[in-house]
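Engineer: Okay, so here is structure-v5.cif, and as you'll see once you scroll down, it has mmCIF, C-alpha atoms and all ligand atoms.
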```
data_start
loop_
_atom_site.group_PDB
_atom_site.id
_atom_site.type_symbol
_atom_site.label_atom_id
_atom_site.label_comp_id
_atom_site.auth_asym_id
_atom_site.auth_seq_id
_atom_site.Cartn_x
_atom_site.Cartn_y
_atom_site.Cartn_z
ATOM 1 C CA ASN A 26 0.000 0.000 0.000
ATOM 2 C CA THR A 27 2.206 2.825 -1.303
ATOM 3 C CA LEU A 28 0.841 6.366 -1.528
ATOM 4 C CA LEU A 29 2.644 9.102 -3.453
ATOM 5 C CA MET A 30 2.616 12.214 -1.218
ATOM 6 C CA ALA A 31 4.426 14.425 -3.735
ATOM 7 C CA GLU A 32 7.099 13.973 -6.368
ATOM 8 C CA ASP A 33 9.725 11.573 -4.856
ATOM 9 C CA ALA A 34 7.916 11.195 -1.495
ATOM 10 C CA TRP A 35 6.201 7.928 -0.636
ATOM 11 C CA LEU A 36 4.054 6.855 2.309
ATOM 12 C CA LEU A 37 4.247 3.095 2.951
ATOM 13 C CA LYS A 38 1.115 2.581 5.027
ATOM 14 C CA GLY A 39 1.466 -0.087 7.755
ATOM 15 C CA TYR A 40 4.864 -1.210 6.446
ATOM 16 C CA LEU A 41 6.204 -2.015 9.945
ATOM 17 C CA LEU A 42 3.156 -3.767 11.366
ATOM 18 C CA GLY A 43 4.789 -7.211 11.289
ATOM 19 C CA ASN A 44 7.916 -5.954 13.082
ATOM 20 C CA GLY A 45 6.590 -3.590 15.764
ATOM 21 C CA GLN A 46 7.573 -5.695 18.784
ATOM 22 C CA GLU A 47 11.033 -6.470 17.407
ATOM 23 C CA LEU A 48 11.653 -2.771 16.690
ATOM 24 C CA LEU A 49 10.540 -1.750 20.193
ATOM 25 C CA ALA A 50 12.733 -4.396 21.829
ATOM 26 C CA ALA A 51 15.737 -3.096 19.879
ATOM 27 C CA LEU A 52 14.817 0.493 20.790
ATOM 28 C CA GLU A 53 14.852 -0.478 24.503
ATOM 29 C CA GLN A 54 18.498 -1.516 24.138
ATOM 30 C CA VAL A 55 19.342 1.798 22.481
ATOM 31 C CA ILE A 56 17.720 3.992 25.134
ATOM 32 C CA GLN A 57 19.356 1.999 27.948
ATOM 33 C CA GLN A 58 22.713 3.108 26.557
ATOM 34 C CA SER A 59 21.798 6.628 25.382
ATOM 35 C CA PRO A 60 18.666 7.911 27.125
ATOM 36 C CA PHE A 61 16.103 10.337 25.702
ATOM 37 C CA ARG A 62 16.894 13.973 26.472
ATOM 38 C CA HIS A 63 15.454 17.367 25.570
ATOM 39 C CA MET A 64 18.021 19.184 23.437
ATOM 40 C CA LEU A 65 18.366 22.976 23.337
ATOM 41 C CA THR A 66 17.820 24.917 20.146
ATOM 42 C CA PRO A 67 20.629 27.285 19.116
ATOM 43 C CA GLY A 68 18.297 30.059 20.356
ATOM 44 C CA GLY A 69 18.203 28.541 23.857
ATOM 45 C CA TYR A 70 14.744 26.923 23.862
ATOM 46 C CA SER A 71 14.188 23.336 25.026
ATOM 47 C CA MET A 72 12.736 21.168 22.238
ATOM 48 C CA SER A 73 9.362 19.632 23.163
ATOM 49 C CA ALA A 74 10.250 16.246 21.648
ATOM 50 C CA SER A 75 13.003 14.345 23.471
ATOM 51 C CA MET A 76 15.667 12.649 21.378
ATOM 52 C CA THR A 77 18.455 10.129 21.221
ATOM 53 C CA ASN A 78 20.418 8.491 18.395
ATOM 54 C CA CYS A 79 21.945 5.236 17.259
ATOM 55 C CA GLY A 80 24.410 4.511 14.481
ATOM 56 C CA SER A 81 27.881 5.928 13.808
ATOM 57 C CA TRP A 82 26.655 9.515 13.769
ATOM 58 C CA GLY A 83 24.035 11.248 15.899
ATOM 59 C CA TRP A 84 22.219 14.522 15.272
ATOM 60 C CA VAL A 85 22.569 17.015 18.105
ATOM 61 C CA SER A 86 21.364 20.533 18.805
ATOM 62 C CA ASP A 87 22.700 22.907 21.445
ATOM 63 C CA LEU A 88 23.592 26.582 21.883
ATOM 64 C CA ASN A 89 26.386 26.101 19.315
ATOM 65 C CA GLY A 90 23.988 24.937 16.559
ATOM 66 C CA TYR A 91 22.927 21.733 14.817
ATOM 67 C CA ARG A 92 25.439 19.067 13.783
ATOM 68 C CA TYR A 93 26.204 15.356 13.557
ATOM 69 C CA GLN A 94 28.717 13.927 16.014
ATOM 70 C CA MET A 95 30.019 10.450 16.826
ATOM 71 C CA ASP A 96 29.794 10.754 20.634
ATOM 72 C CA ASP A 97 26.723 11.193 22.808
ATOM 73 C CA PRO A 98 27.297 14.481 24.691
ATOM 74 C CA ILE A 99 25.669 12.967 27.817
ATOM 75 C CA THR A 100 27.575 9.671 28.047
ATOM 76 C CA GLN A 101 30.629 11.015 26.167
ATOM 77 C CA SER A 102 30.772 7.606 24.471
ATOM 78 C CA PRO A 103 29.887 6.566 20.926
ATOM 79 C CA TRP A 104 26.163 6.365 20.175
ATOM 80 C CA PRO A 105 24.709 2.822 20.454
ATOM 81 C CA LYS A 106 25.161 0.639 17.380
ATOM 82 C CA MET A 107 22.247 0.819 14.945
ATOM 83 C CA PRO A 108 20.249 -2.396 15.495
ATOM 84 C CA ALA A 109 20.322 -4.648 12.413
ATOM 85 C CA ILE A 110 16.514 -4.696 12.266
ATOM 86 C CA PHE A 111 16.506 -0.869 11.965
ATOM 87 C CA PHE A 112 19.091 -0.802 9.200
ATOM 88 C CA GLU A 113 17.525 -3.640 7.243
ATOM 89 C CA LEU A 114 13.955 -2.329 7.317
ATOM 90 C CA ALA A 115 15.077 1.215 6.416
ATOM 91 C CA GLN A 116 17.168 -0.066 3.519
ATOM 92 C CA GLN A 117 14.362 -2.350 2.347
ATOM 93 C CA ALA A 118 11.812 0.515 2.467
ATOM 94 C CA ALA A 119 14.115 2.796 0.437
ATOM 95 C CA ASN A 120 14.758 -0.019 -2.027
ATOM 96 C CA SER A 121 11.034 -0.610 -2.488
ATOM 97 C CA VAL A 122 10.622 2.876 -3.989
ATOM 98 C CA GLY A 123 13.789 2.721 -6.090
ATOM 99 C CA PHE A 124 16.702 3.841 -3.865
ATOM 100 C CA GLU A 125 18.927 0.802 -4.247
ATOM 101 C CA HIS A 126 21.972 1.550 -2.101
ATOM 102 C CA PHE A 127 20.658 3.492 0.899
ATOM 103 C CA SER A 128 23.118 2.922 3.741
ATOM 104 C CA PRO A 129 22.079 5.075 6.711
ATOM 105 C CA ASP A 130 24.866 6.035 9.131
ATOM 106 C CA ALA A 131 22.541 7.926 11.497
ATOM 107 C CA CYS A 132 19.232 7.157 13.181
ATOM 108 C CA LEU A 133 17.633 9.978 15.155
ATOM 109 C CA VAL A 134 14.969 8.805 17.595
ATOM 110 C CA ASN A 135 12.310 11.413 18.419
ATOM 111 C CA ARG A 136 9.933 10.857 21.336
ATOM 112 C CA TYR A 137 6.801 13.021 21.311
ATOM 113 C CA GLY A 138 4.642 13.144 24.427
ATOM 114 C CA VAL A 139 1.098 14.548 24.191
ATOM 115 C CA GLY A 140 1.393 18.215 23.175
ATOM 116 C CA ALA A 141 4.912 17.898 21.737
ATOM 117 C CA LYS A 142 5.551 19.192 18.211
ATOM 118 C CA LEU A 143 8.298 19.839 15.705
ATOM 119 C CA SER A 144 8.124 23.255 14.059
ATOM 120 C CA LEU A 145 8.442 23.689 10.307
ATOM 121 C CA HIS A 146 12.055 23.133 9.163
ATOM 122 C CA GLN A 147 14.254 21.622 6.441
ATOM 123 C CA ASP A 148 16.705 18.738 6.984
ATOM 124 C CA LYS A 149 19.947 20.151 5.611
ATOM 125 C CA ASP A 150 22.690 19.138 8.033
ATOM 126 C CA GLU A 151 23.688 16.208 5.796
ATOM 127 C CA THR A 152 26.386 16.249 3.096
ATOM 128 C CA ASP A 153 24.681 14.370 0.241
ATOM 129 C CA PHE A 154 21.142 15.446 -0.589
ATOM 130 C CA SER A 155 20.873 12.765 -3.299
ATOM 131 C CA GLN A 156 20.430 10.228 -0.473
ATOM 132 C CA PRO A 157 16.845 9.763 0.726
ATOM 133 C CA ILE A 158 15.547 10.051 4.283
ATOM 134 C CA VAL A 159 13.443 7.226 5.710
ATOM 135 C CA SER A 160 11.183 7.693 8.708
ATOM 136 C CA PHE A 161 9.328 5.140 10.874
ATOM 137 C CA SER A 162 6.275 6.104 12.934
ATOM 138 C CA LEU A 163 5.295 4.172 16.077
ATOM 139 C CA GLY A 164 2.717 4.818 18.800
ATOM 140 C CA LEU A 165 0.276 7.751 18.780
ATOM 141 C CA PRO A 166 -0.728 9.226 15.395
ATOM 142 C CA ALA A 167 0.663 12.548 14.172
ATOM 143 C CA MET A 168 -0.415 15.211 11.717
ATOM 144 C CA PHE A 169 2.564 15.714 9.405
ATOM 145 C CA GLU A 170 2.783 19.051 7.555
ATOM 146 C CA PHE A 171 4.491 18.776 4.211
ATOM 147 C CA GLY A 172 5.383 21.966 2.353
ATOM 148 C CA GLY A 173 7.717 22.996 -0.411
ATOM 149 C CA LEU A 174 11.154 24.464 -0.887
ATOM 150 C CA THR A 175 10.253 27.791 0.719
ATOM 151 C CA ARG A 176 8.757 28.298 4.176
ATOM 152 C CA ASP A 177 5.613 29.920 2.738
ATOM 153 C CA ALA A 178 4.903 27.318 0.006
ATOM 154 C CA PRO A 179 1.480 25.627 0.297
ATOM 155 C CA LYS A 180 1.322 22.714 2.745
ATOM 156 C CA LYS A 181 -0.464 19.396 2.701
ATOM 157 C CA VAL A 182 -1.235 17.482 5.876
ATOM 158 C CA PHE A 183 -0.870 13.705 6.193
ATOM 159 C CA LEU A 184 -1.789 11.430 9.095
ATOM 160 C CA LEU A 185 1.175 9.270 10.147
ATOM 161 C CA GLU A 186 0.123 6.256 12.200
ATOM 162 C CA HIS A 187 1.765 3.371 14.047
ATOM 163 C CA GLY A 188 3.611 1.209 11.533
ATOM 164 C CA ASP A 189 3.865 3.800 8.750
ATOM 165 C CA VAL A 190 7.085 4.489 6.849
ATOM 166 C CA VAL A 191 7.833 7.536 4.714
ATOM 167 C CA VAL A 192 10.644 7.819 2.183
ATOM 168 C CA TRP A 193 11.675 11.296 1.003
ATOM 169 C CA GLY A 194 14.178 11.598 -1.825
ATOM 170 C CA GLY A 195 15.008 13.535 -4.947
ATOM 171 C CA LYS A 196 12.723 16.516 -5.429
ATOM 172 C CA SER A 197 11.186 16.366 -1.925
ATOM 173 C CA ARG A 198 14.385 15.855 0.069
ATOM 174 C CA LEU A 199 14.707 19.518 1.067
ATOM 175 C CA ASN A 200 11.029 20.333 1.513
ATOM 176 C CA TYR A 201 9.902 22.140 4.633
ATOM 177 C CA HIS A 202 8.040 19.895 7.061
ATOM 178 C CA GLY A 203 6.874 19.660 10.653
ATOM 179 C CA ILE A 204 4.808 17.669 13.146
ATOM 180 C CA ARG A 205 1.729 19.324 14.671
ATOM 181 C CA SER A 206 1.147 19.106 18.415
ATOM 182 C CA ILE A 207 0.373 15.455 19.315
ATOM 183 C CA LYS A 208 -3.236 15.000 20.414
ATOM 184 C CA ALA A 209 -4.111 13.277 23.710
ATOM 185 C CA GLY A 210 -4.533 9.551 23.416
ATOM 186 C CA SER A 211 -2.991 6.255 24.353
ATOM 187 C CA HIS A 212 -1.434 3.639 22.115
ATOM 188 C CA PRO A 213 -1.951 0.015 23.260
ATOM 189 C CA VAL A 214 1.803 -0.713 23.219
ATOM 190 C CA LEU A 215 3.578 2.633 23.591
ATOM 191 C CA GLY A 216 1.101 4.485 25.813
ATOM 192 C CA GLU A 217 0.876 8.277 25.635
ATOM 193 C CA CYS A 218 3.647 8.902 23.137
ATOM 194 C CA ARG A 219 4.757 8.804 19.548
ATOM 195 C CA ILE A 220 8.199 7.522 18.577
ATOM 196 C CA ASN A 221 9.749 8.437 15.244
ATOM 197 C CA LEU A 222 12.940 6.889 13.861
ATOM 198 C CA THR A 223 14.581 9.016 11.162
ATOM 199 C CA PHE A 224 17.282 7.301 9.079
ATOM 200 C CA ARG A 225 19.806 9.412 7.215
ATOM 201 C CA ARG A 226 23.111 9.234 5.416
ATOM 202 C CA SER A 227 24.799 12.093 7.270
ATOM 203 C CA GLN A 228 28.369 11.963 5.847
HETATM 204 C C1 LIG B 301 9.186 13.109 12.645
HETATM 205 N N1 LIG B 301 11.263 14.072 11.983
HETATM 206 O O1 LIG B 301 8.116 12.590 12.402
HETATM 207 C C2 LIG B 301 9.983 13.674 11.493
HETATM 208 C C3 LIG B 301 10.120 12.634 10.440
HETATM 209 C C4 LIG B 301 13.288 15.383 11.969
HETATM 210 C C5 LIG B 301 11.904 15.149 11.496
HETATM 211 O O2 LIG B 301 11.421 15.901 10.683
HETATM 212 O O3 LIG B 301 13.977 16.213 11.368
HETATM 213 O O4 LIG B 301 13.704 14.702 12.928
HETATM 214 S S1 LIG B 301 11.349 12.953 9.141
HETATM 215 C C6 LIG B 301 10.483 14.045 8.073
HETATM 216 C C7 LIG B 301 11.186 14.518 6.797
HETATM 217 C C8 LIG B 301 12.501 14.287 6.566
HETATM 218 C C9 LIG B 301 13.085 14.730 5.377
HETATM 219 C C10 LIG B 301 12.367 15.402 4.418
HETATM 220 C C11 LIG B 301 11.049 15.632 4.683
HETATM 221 C C12 LIG B 301 10.451 15.211 5.864
HETATM 222 N N2 LIG B 301 10.271 16.320 3.759
HETATM 223 O O5 LIG B 301 10.746 16.650 2.666
HETATM 224 O O6 LIG B 301 9.107 16.615 4.047
HETATM 225 O O7 LIG B 301 9.661 13.193 13.802
HETATM 226 FE FE FE B 302 13.001 16.957 9.677
#
```
Translate the structure described by the file into structure tokens.

Structural biologist:
Amino acid sequence: NTLLMAEDAWLLKGYLLGNGQELLAALEQVIQQSPFRHMLTPGGYSMSASMTNCGSWGWVSDLNGYRYQMDDPITQSPWPKMPAIFFELAQQAANSVGFEHFSPDACLVNRYGVGAKLSLHQDKDETDFSQPIVSFSLGLPAMFEFGGLTRDAPKKVFLLEHGDVVVWGGKSRLNYHGIRSIKAGSHPVLGECRINLTFRRSQ
């Protein structure tokens, strides 16, 4: 069940539904080693979603800006290894829409409690924009805002639910996007939160 959201952006509805428990078990291992934390924006605000990373490189934000780094600033150790099930499902999802050699070196894990959001932004801290971005949604549903190459371009809204995967590449790779404030609710497995895994080739 593949829906085209825009040119070069695909929503794979329910793609993860057979692997939910395995993904969550692997995520437990990751957050035991590098816990969720609220990062600061360069402007000094605390982000409402909490985050951690796995893989060789992790995305961080602090008063010095946004960047990828190999060590977790909290543990001062390398980020946890990317679980094989994460890598394989992300690569397989990219492959299914035509990206044959996606090899993510970074997985950002976003945890949204009720009321958390991610304001409109572009993902441009990576070196090679020809590589796609793959995202996994688990837990509570989210309203995803999907715009264009300028902040004021018209936006479409898509519902991202537990088990959904999105692949952004080519023409949509640098589009503005955001997550609206998560509505109150409870997911049978994850409770009152949404977890998003975002896979990228950072270097
Ligand atoms: C999320 N996370 O649901 C989203 C999923 C982030 C972030 O936005 O930066 O952590 S990734 C959404 C995305 C990535 C790359 C391109 C586009 C959307 N896009 O062109 O719309 O927590
Ligand atoms: Fe983003």

Engineer: Pick out the residues sitting within 9 Å of Gly172 (chain A), and hand them over as a ChimeraX atom specification; count only C-alpha atoms, and ignore anything fewer than 3 positions along from it in its own chain.

Structural biologist: /A:145,175-182,200-203

Engineer: Go through A:Lys38, A:His187, A:His63, A:Arg198 one by one, measure the shortest atom-to-atom distance of each to ligand FE 302 (chain B) using all atoms listed in the file, and give the residue with the smallest value.

Structural biologist: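 Closest to ligand FE 302 (chain B) of all the choices is A:Arg198.
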
Engineer: Can you list, as a ChimeraX atom specification, every protein, DNA or RNA residue that comes within 7 Å of region 108-111 of chain A when you count only C-alpha atoms, leaving out same-chain residues fewer than 4 positions away?

Structural biologist: /A:48,51,115

Engineer: Could the residues that lie within 12 Å of ligand FE 302 (chain B), counting only C-alpha atoms and all ligand atoms, be listed as an NGL selection string?

Structural biologist: :A and (84 or 133-135 or 142-151 or 158-160 or 169-172 or 191 or 193 or 197-204 or 221-225)

Engineer: Selected by the PyMOL selection byres (((chain A and resi 72-82) around 9) and not hetatm) in the shown coordinates: which residues, as a ChimeraX atom specification?

Structural biologist: /A:55-56,59-66,70-71,83-85,93-97,103-108,129-138,140-143,222,227-228

Engineer: Given the PyMOL selection byres (((chain A and resi 44) around 12) and not hetatm) and the file above, list the residues it selects as a list of chain:residue names.

Structural biologist: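 Matching residues under the PyMOL selection byres (((chain A and resi 44) around 12) and not hetatm) are A:Gly39, A:Tyr40, A:Leu41, A:Leu42, A:Gly43, A:Gly45, A:Gln46, A:Glu47, A:Leu48, A:Leu49, A:Ala50, A:Ala51, A:Ile110, A:Phe111, A:Glu113, A:Leu114, A:Phe161, A:Leu163, A:His187, A:Gly188, A:Asp189.
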
Engineer: Go through A:Leu165, A:Val122, A:Ala34, A:Leu52 and flag the residue nearest Glu217 (chain A), using all atoms listed in the file for the distances.

Structural biologist: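 Smallest separation from Glu217 (chain A) among the options: A:Leu165.
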
Engineer: Can you measure CA of Trp35 (chain A) to CA of Phe112 (chain A) for me? One decimal in Å is fine.

Structural biologist: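 The value is 18.4 Å.
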
Engineer: Write out as AutoDock Vina command-line options an axis-aligned box for ligand LIG 301 (chain B): all of its atoms listed in the file, 5 Å added on each side, centre and edge lengths in Å with one decimal.

Structural biologist:
```
--center_x 11.0 --center_y 14.6 --center_z 8.2 --size_x 15.9 --size_y 14.1 --size_z 21.1
```

Engineer: What gap, in Å, lies between atom O3 of ligand LIG 301 (chain B) and CA of Asp33 (chain A)?

Structural biologist: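 The value is 17.4 Å.
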
Engineer: Between CA of Lys196 (chain A) and atom O2 of ligand LIG 301 (chain B), what is the distance in Å, rounded to a tenth?

Structural biologist: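 The value is 16.2 Å.
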
Engineer: Selected by the PyMOL selection byres (((chain A and resi 210-213) around 9) and not hetatm) in the shown coordinates: which residues, as an MDAnalysis selection string?

Structural biologist: chainID A and resid 139 164:166 187 207:209 214:219

Engineer: Using all atoms listed in the file for the distances, tell me which of A:Ser206, A:Ile99, A:Gly68, A:Leu185 is nearest to ligand LIG 301 (chain B).

Structural biologist: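 Of the candidates, the smallest distance to ligand LIG 301 (chain B) is held by A:Leu185.
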
Engineer: Taking into account only C-alpha atoms and all ligand atoms, which residue in the set A:Leu88, A:Ala167, A:Leu28, A:Ala118 is nearest to ligand LIG 301 (chain B)?

Structural biologist: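 Of A:Leu88, A:Ala167, A:Leu28, A:Ala118, the one nearest ligand LIG 301 (chain B), counting only C-alpha atoms and all ligand atoms, is A:Ala167.
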
Engineer: Could you check the closest approach to ligand LIG 301 (chain B) for each of A:Ser86, A:Gln54, A:Asn120, A:Gln101 and tell me which residue wins, using all atoms listed in the file?

Structural biologist: A:Ser86

Engineer: So, counting only C-alpha atoms and all ligand atoms, which residue among A:Gly123, A:Gly194, A:Pro67, A:Pro98 is closest to ligand LIG 301 (chain B)?

Structural biologist: A:Gly194

Engineer: Rebuild region 67-90 of chain A to N, CA and C atoms - output it as a PDB file, in the frame of the given file, please.

Structural biologist:
```pdb
ATOM      1  N   PRO A  67      19.554  26.281  19.083  1.00  0.00           N
ATOM      2  CA  PRO A  67      20.629  27.285  19.116  1.00  0.00           C
ATOM      3  C   PRO A  67      20.158  28.593  19.769  1.00  0.00           C
ATOM      4  N   GLY A  68      18.852  28.855  19.730  1.00  0.00           N
ATOM      5  CA  GLY A  68      18.297  30.059  20.356  1.00  0.00           C
ATOM      6  C   GLY A  68      18.050  29.921  21.855  1.00  0.00           C
ATOM      7  N   GLY A  69      18.298  28.720  22.407  1.00  0.00           N
ATOM      8  CA  GLY A  69      18.203  28.541  23.857  1.00  0.00           C
ATOM      9  C   GLY A  69      16.890  27.963  24.361  1.00  0.00           C
ATOM     10  N   TYR A  70      16.003  27.549  23.443  1.00  0.00           N
ATOM     11  CA  TYR A  70      14.744  26.923  23.862  1.00  0.00           C
ATOM     12  C   TYR A  70      14.913  25.410  23.964  1.00  0.00           C
ATOM     13  N   SER A  71      14.187  24.794  24.907  1.00  0.00           N
ATOM     14  CA  SER A  71      14.188  23.336  25.026  1.00  0.00           C
ATOM     15  C   SER A  71      13.215  22.766  23.994  1.00  0.00           C
ATOM     16  N   MET A  72      13.624  21.774  23.234  1.00  0.00           N
ATOM     17  CA  MET A  72      12.736  21.168  22.238  1.00  0.00           C
ATOM     18  C   MET A  72      11.679  20.327  22.951  1.00  0.00           C
ATOM     19  N   SER A  73      10.439  20.345  22.454  1.00  0.00           N
ATOM     20  CA  SER A  73       9.362  19.632  23.163  1.00  0.00           C
ATOM     21  C   SER A  73       9.441  18.128  22.954  1.00  0.00           C
ATOM     22  N   ALA A  74       9.993  17.675  21.833  1.00  0.00           N
ATOM     23  CA  ALA A  74      10.250  16.246  21.648  1.00  0.00           C
ATOM     24  C   ALA A  74      11.591  15.929  22.308  1.00  0.00           C
ATOM     25  N   SER A  75      11.695  14.760  22.964  1.00  0.00           N
ATOM     26  CA  SER A  75      13.003  14.345  23.471  1.00  0.00           C
ATOM     27  C   SER A  75      13.629  13.418  22.442  1.00  0.00           C
ATOM     28  N   MET A  76      14.946  13.326  22.466  1.00  0.00           N
ATOM     29  CA  MET A  76      15.667  12.649  21.378  1.00  0.00           C
ATOM     30  C   MET A  76      16.828  11.817  21.885  1.00  0.00           C
ATOM     31  N   THR A  77      17.182  10.817  21.092  1.00  0.00           N
ATOM     32  CA  THR A  77      18.455  10.129  21.221  1.00  0.00           C
ATOM     33  C   THR A  77      18.833   9.657  19.824  1.00  0.00           C
ATOM     34  N   ASN A  78      19.948   8.943  19.697  1.00  0.00           N
ATOM     35  CA  ASN A  78      20.418   8.491  18.395  1.00  0.00           C
ATOM     36  C   ASN A  78      21.018   7.106  18.511  1.00  0.00           C
ATOM     37  N   CYS A  79      21.084   6.407  17.368  1.00  0.00           N
ATOM     38  CA  CYS A  79      21.945   5.236  17.259  1.00  0.00           C
ATOM     39  C   CYS A  79      22.575   5.266  15.875  1.00  0.00           C
ATOM     40  N   GLY A  80      23.642   4.463  15.721  1.00  0.00           N
ATOM     41  CA  GLY A  80      24.410   4.511  14.481  1.00  0.00           C
ATOM     42  C   GLY A  80      25.725   5.236  14.709  1.00  0.00           C
ATOM     43  N   SER A  81      26.551   5.307  13.668  1.00  0.00           N
ATOM     44  CA  SER A  81      27.881   5.928  13.808  1.00  0.00           C
ATOM     45  C   SER A  81      27.803   7.407  14.125  1.00  0.00           C
ATOM     46  N   TRP A  82      26.790   8.076  13.593  1.00  0.00           N
ATOM     47  CA  TRP A  82      26.655   9.515  13.769  1.00  0.00           C
ATOM     48  C   TRP A  82      25.310   9.837  14.397  1.00  0.00           C
ATOM     49  N   GLY A  83      25.285  10.827  15.290  1.00  0.00           N
ATOM     50  CA  GLY A  83      24.035  11.248  15.899  1.00  0.00           C
ATOM     51  C   GLY A  83      23.820  12.739  15.690  1.00  0.00           C
ATOM     52  N   TRP A  84      22.563  13.110  15.468  1.00  0.00           N
ATOM     53  CA  TRP A  84      22.219  14.522  15.272  1.00  0.00           C
ATOM     54  C   TRP A  84      22.064  15.163  16.645  1.00  0.00           C
ATOM     55  N   VAL A  85      22.719  16.293  16.839  1.00  0.00           N
ATOM     56  CA  VAL A  85      22.569  17.015  18.105  1.00  0.00           C
ATOM     57  C   VAL A  85      22.307  18.497  17.847  1.00  0.00           C
ATOM     58  N   SER A  86      21.620  19.095  18.819  1.00  0.00           N
ATOM     59  CA  SER A  86      21.364  20.533  18.805  1.00  0.00           C
ATOM     60  C   SER A  86      21.726  21.072  20.181  1.00  0.00           C
ATOM     61  N   ASP A  87      22.412  22.212  20.189  1.00  0.00           N
ATOM     62  CA  ASP A  87      22.700  22.907  21.445  1.00  0.00           C
ATOM     63  C   ASP A  87      22.939  24.385  21.118  1.00  0.00           C
ATOM     64  N   LEU A  88      23.424  25.135  22.095  1.00  0.00           N
ATOM     65  CA  LEU A  88      23.592  26.582  21.883  1.00  0.00           C
ATOM     66  C   LEU A  88      24.576  26.887  20.760  1.00  0.00           C
ATOM     67  N   ASN A  89      25.411  25.902  20.402  1.00  0.00           N
ATOM     68  CA  ASN A  89      26.386  26.101  19.315  1.00  0.00           C
ATOM     69  C   ASN A  89      25.811  25.793  17.944  1.00  0.00           C
ATOM     70  N   GLY A  90      24.592  25.211  17.866  1.00  0.00           N
ATOM     71  CA  GLY A  90      23.988  24.937  16.559  1.00  0.00           C
ATOM     72  C   GLY A  90      23.598  23.483  16.410  1.00  0.00           C
TER      73      GLY A  90
END
```
